[in-house]
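A.B. asks: Next up is a structure, given as structure tokens.
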Amino acid sequence: MKEWKVIIVDDEKKSTDIIEYMLNKHCPNFQIQEIFNQPKKAIDYLKENKIDLLFLDIQMPEIDGFQLLDILEDIDFNVVFITAYDEYALRAFRYYAIDYILKPIVQEELIGLSNRLTEKDTPRYDKTDFIELFAQMQLKTPVKDQLAVPTATGVVFILFDDIVRLQADSNYSYIYREDGTKVYAAKTLKYFENLLPSDTFFRPHQSHIINLKYMEEFVRQDGGYIKMKDGKEIILARSKRQEFLDRFV
């Protein structure tokens, strides 16, 4: 398993202590090189040393996370933002497919993040991506009705209306489109469930999310399943049956 060189930048020592403890305990392939509670010192380190992953707090009194990245000439490492932002800002993170962890930091979230980052190649971003994210958060304009889907080679943008269904594959997902093609996404199904509009998308089973506009038939036999317009038959979990029926009956 590849070892990742990691640094952590957060002005709150309690936060860096928690991340350090969790990474050491649950993510042994993440090798912490340095921890900085003063972001300006981190800049000097990053200019002189090669790393694989930066955990970066956004809201810091000295300089914020975006200003730190803007000072650097090159960003040749993955970035995971540490944030306590509101739900609107989180939609912006999801739209641009940029990884983050929420404060207070939860062990399961950090482990899931490390699994996604290390299981397969993950896309990296340049300064332009972070500038666009910051602008989106500042303007408070509506996020577009499409997904920015991280893949092994970059980011694919898919309109909500073009998504027929999503299927889980461990910490990754397949996204099936109306034109019959599919995209292998470097995100979990839960990630997409939190982003997709609940009035259009429904999760009938832990392994699937469907776009209701592409649903063709609900069959009660064999415990109940949903037939999609692409021919896929998806089991309706017993725990989801009443919620599903309440939408249409």
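In the structure tokens, the first chain shown is A, the next is B, and so on; residue numbers restart at 1 for each chain, and ligands run from 1 in the order shown.
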Name the residues in contact with Asp17 (chain A) at a cut-off of 12 Å, using only C-alpha atoms, excluding same-chain residues fewer than 2 positions from it; report them as a ChimeraX atom specification.

C.D. replies: /A:8-15,19-24,32,34-37,105

A.B. asks: For Leu113 (chain A), work out the shell of residues within 10 Å, counting only C-alpha atoms and skipping chain neighbours fewer than 2 positions away, then give it as a PyMOL selection string.

C.D. replies: chain A and resi 80+99-101+107-111+115-118+171+187-188

A.B. asks: For a quick check of understanding, using only C-alpha atoms, which of A:Lys229, A:Lys50, A:Arg247, A:Arg94 has the smallest distance to Asp199 (chain A)?

C.D. replies: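 Selected residue with least distance to Asp199 (chain A): A:Arg247.
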
A.B. asks: Excluding same-chain residues fewer than 6 positions from Ala185 (chain A), what lies within 8 Å of it counting only C-alpha atoms, as a list in words?

C.D. replies: Val149, Pro150, Thr151, Ala152, Tyr172, Ser173, Tyr174 and Ile175 of chain A

A.B. asks: List as a list of chain:residue names the protein and nucleic acid residues near Leu69 (chain A), meaning an atom at most 8 Å away when only C-alpha atoms are counted, but skip any in the same chain fewer than 4 places from it.

C.D. replies: A:Gly65, A:Ile75, A:Lys127

A.B. asks: Report, in Å to a single decimal, how far apart CA of Pro39 (chain A) and CA of Ile63 (chain A) are.

C.D. replies: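 Between these atoms lies a distance of 6.8 Å.
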
A.B. asks: Just list as a ChimeraX atom specification whatever in region 10-227 of chain A DSSP marks as alpha helix (DSSP H).

C.D. replies: /A:13-26,39-48,65-71,87-95,107-119,127-139,189-195

A.B. asks: Would you pick out the contacts of Asp179 (chain A) at 8 Å or less, using only C-alpha atoms, so that residues sharing its chain but fewer than 2 positions from it are not included, and give the list as an MDAnalysis selection string?

C.D. replies: chainID A and resid 162 177 181

A.B. asks: Next, dump the selected residues to file, keeping only N, CA and C atoms, as a tab-separated table (two decimals), in the first residue's frame.

C.D. replies:
```
chain	number	residue	atom	x	y	z
A	162	ASP	N	-30.08	14.08	-16.73
A	162	ASP	CA	-29.47	13.04	-17.56
A	162	ASP	C	-29.09	11.80	-16.76
A	177	ARG	N	-26.24	7.09	-17.31
A	177	ARG	CA	-26.84	8.25	-17.95
A	177	ARG	C	-27.91	7.86	-18.97
A	181	THR	N	-24.58	5.55	-21.47
A	181	THR	CA	-23.20	5.49	-20.97
A	181	THR	C	-23.20	5.52	-19.45
```

A.B. asks: So, with only C-alpha atoms as the atoms that count, which of A:Glu243, A:Glu3, A:Asp76, A:Asp145 lies closest to Lys47 (chain A)?

C.D. replies: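 Of A:Glu243, A:Glu3, A:Asp76, A:Asp145, the one nearest Lys47 (chain A) is A:Asp76, counting only C-alpha atoms.
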
A.B. asks: Please identify which residues in region 192-247 of chain A DSSP calls strand (DSSP E) from the backbone, and express them as a PyMOL selection string.

C.D. replies: chain A and resi 201-205+208-211+215-219+225-228+233-235

A.B. asks: Convert the current residue selection to file output with N, CA and C atoms, as a PDB file, in the first residue's frame.

C.D. replies:
```
ATOM      1  N   PHE A 201     -34.894  12.377  -6.797  1.00  0.00           N
ATOM      2  CA  PHE A 201     -34.112  11.155  -6.622  1.00  0.00           C
ATOM      3  C   PHE A 201     -34.529  10.436  -5.341  1.00  0.00           C
ATOM      4  N   PHE A 202     -34.477   9.116  -5.414  1.00  0.00           N
ATOM      5  CA  PHE A 202     -34.909   8.283  -4.290  1.00  0.00           C
ATOM      6  C   PHE A 202     -33.946   7.117  -4.139  1.00  0.00           C
ATOM      7  N   ARG A 203     -33.664   6.747  -2.883  1.00  0.00           N
ATOM      8  CA  ARG A 203     -32.771   5.619  -2.619  1.00  0.00           C
ATOM      9  C   ARG A 203     -33.592   4.426  -2.155  1.00  0.00           C
ATOM     10  N   PRO A 204     -33.978   3.516  -3.065  1.00  0.00           N
ATOM     11  CA  PRO A 204     -34.834   2.387  -2.709  1.00  0.00           C
ATOM     12  C   PRO A 204     -34.087   1.261  -2.006  1.00  0.00           C
ATOM     13  N   HIS A 205     -32.795   1.282  -2.095  1.00  0.00           N
ATOM     14  CA  HIS A 205     -31.956   0.208  -1.559  1.00  0.00           C
ATOM     15  C   HIS A 205     -30.596   0.813  -1.252  1.00  0.00           C
ATOM     16  N   HIS A 208     -28.473   1.525  -4.357  1.00  0.00           N
ATOM     17  CA  HIS A 208     -28.977   2.234  -5.531  1.00  0.00           C
ATOM     18  C   HIS A 208     -29.621   3.566  -5.167  1.00  0.00           C
ATOM     19  N   ILE A 209     -29.497   4.519  -6.086  1.00  0.00           N
ATOM     20  CA  ILE A 209     -30.292   5.747  -6.095  1.00  0.00           C
ATOM     21  C   ILE A 209     -30.904   5.834  -7.490  1.00  0.00           C
ATOM     22  N   ILE A 210     -32.188   6.172  -7.566  1.00  0.00           N
ATOM     23  CA  ILE A 210     -32.838   6.261  -8.872  1.00  0.00           C
ATOM     24  C   ILE A 210     -33.390   7.664  -9.103  1.00  0.00           C
ATOM     25  N   ASN A 211     -33.427   8.036 -10.367  1.00  0.00           N
ATOM     26  CA  ASN A 211     -34.131   9.246 -10.791  1.00  0.00           C
ATOM     27  C   ASN A 211     -35.567   8.829 -11.085  1.00  0.00           C
ATOM     28  N   MET A 215     -38.319   5.991 -13.884  1.00  0.00           N
ATOM     29  CA  MET A 215     -38.953   4.793 -13.347  1.00  0.00           C
ATOM     30  C   MET A 215     -40.102   4.386 -14.267  1.00  0.00           C
ATOM     31  N   GLU A 216     -40.148   3.105 -14.615  1.00  0.00           N
ATOM     32  CA  GLU A 216     -41.160   2.625 -15.555  1.00  0.00           C
ATOM     33  C   GLU A 216     -42.305   1.896 -14.863  1.00  0.00           C
ATOM     34  N   GLU A 217     -41.982   1.114 -13.817  1.00  0.00           N
ATOM     35  CA  GLU A 217     -43.014   0.282 -13.196  1.00  0.00           C
ATOM     36  C   GLU A 217     -42.573  -0.154 -11.801  1.00  0.00           C
ATOM     37  N   PHE A 218     -43.544  -0.220 -10.898  1.00  0.00           N
ATOM     38  CA  PHE A 218     -43.300  -0.836  -9.597  1.00  0.00           C
ATOM     39  C   PHE A 218     -44.039  -2.166  -9.567  1.00  0.00           C
ATOM     40  N   VAL A 219     -43.303  -3.242  -9.293  1.00  0.00           N
ATOM     41  CA  VAL A 219     -43.859  -4.588  -9.285  1.00  0.00           C
ATOM     42  C   VAL A 219     -43.896  -5.079  -7.835  1.00  0.00           C
ATOM     43  N   TYR A 225     -40.110  -4.650  -6.448  1.00  0.00           N
ATOM     44  CA  TYR A 225     -38.942  -4.077  -7.109  1.00  0.00           C
ATOM     45  C   TYR A 225     -39.394  -3.010  -8.099  1.00  0.00           C
ATOM     46  N   ILE A 226     -38.460  -2.157  -8.472  1.00  0.00           N
ATOM     47  CA  ILE A 226     -38.727  -1.053  -9.389  1.00  0.00           C
ATOM     48  C   ILE A 226     -38.048  -1.351 -10.716  1.00  0.00           C
ATOM     49  N   LYS A 227     -38.808  -1.259 -11.800  1.00  0.00           N
ATOM     50  CA  LYS A 227     -38.236  -1.465 -13.126  1.00  0.00           C
ATOM     51  C   LYS A 227     -37.957  -0.104 -13.746  1.00  0.00           C
ATOM     52  N   MET A 228     -36.692   0.111 -14.119  1.00  0.00           N
ATOM     53  CA  MET A 228     -36.288   1.376 -14.718  1.00  0.00           C
ATOM     54  C   MET A 228     -36.425   1.320 -16.235  1.00  0.00           C
ATOM     55  N   GLU A 233     -33.820  -3.821 -13.002  1.00  0.00           N
ATOM     56  CA  GLU A 233     -34.804  -4.074 -11.950  1.00  0.00           C
ATOM     57  C   GLU A 233     -34.118  -3.910 -10.603  1.00  0.00           C
ATOM     58  N   ILE A 234     -34.629  -2.995  -9.785  1.00  0.00           N
ATOM     59  CA  ILE A 234     -33.979  -2.625  -8.523  1.00  0.00           C
ATOM     60  C   ILE A 234     -34.884  -2.993  -7.360  1.00  0.00           C
ATOM     61  N   ILE A 235     -34.355  -3.761  -6.451  1.00  0.00           N
ATOM     62  CA  ILE A 235     -35.113  -4.199  -5.279  1.00  0.00           C
ATOM     63  C   ILE A 235     -35.505  -2.990  -4.425  1.00  0.00           C
TER      64      ILE A 235
END
```

A.B. asks: So which one's closest to Ile18 (chain A), A:Tyr176, A:Pro104, A:Glu73, A:Phe66? Using only C-alpha atoms, please.

C.D. replies: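 For Ile18 (chain A), the nearest of the given residues is A:Pro104.
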
A.B. asks: I'd like to know which of A:Leu133, A:Ala84, A:Val6, A:Leu90 is closest to Asn194 (chain A), using only C-alpha atoms.

C.D. replies: A:Leu90

A.B. asks: May I have the residues within 7 Å of Ile82 (chain A) as number ranges by chain, using only C-alpha atoms and disregarding those fewer than 3 positions away in the same chain?

C.D. replies: A: 55-58, 100-103

A.B. asks: Using only C-alpha atoms, can you tell me which of A:Gln221, A:Leu68, A:Val183, A:Ser170 comes closest to Gln206 (chain A)?

C.D. replies: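 Counting only C-alpha atoms, the residue closest to Gln206 (chain A) is A:Ser170.
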
A.B. asks: Please provide the set of residues having any atom within 9 Å of Tyr214 (chain A), restricted to only C-alpha atoms, with same-chain residues fewer than 6 positions apart removed, written as a PyMOL selection string.

C.D. replies: chain A and resi 163-165+178+228-230

A.B. asks: Got time to write the residues from that selection, C-alpha atoms, as a CSV table (one decimal), in the first residue's frame?

C.D. replies:
```
chain,number,residue,atom,x,y,z
A,163,ILE,CA,-28.9,10.7,-14.6
A,164,VAL,CA,-31.0,7.5,-14.7
A,165,ARG,CA,-29.6,5.8,-11.6
A,178,GLU,CA,-29.8,8.6,-20.2
A,228,MET,CA,-36.3,1.4,-14.7
A,229,LYS,CA,-36.6,2.5,-18.3
A,230,ASP,CA,-33.1,1.2,-19.0
```

A.B. asks: Tell me which of A:Arg220, A:Arg238, A:Lys25, A:Lys182 sits closest to Leu166 (chain A), counting only C-alpha atoms.

C.D. replies: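 Ranked by minimum distance to Leu166 (chain A), first place goes to A:Lys182.
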
A.B. asks: Report, in Å with one decimal, the straight-line distance from CA of Gly154 (chain A) to CA of Met60 (chain A).

C.D. replies: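 Between CA of Gly154 (chain A) and CA of Met60 (chain A) the gap is 29.5 Å.
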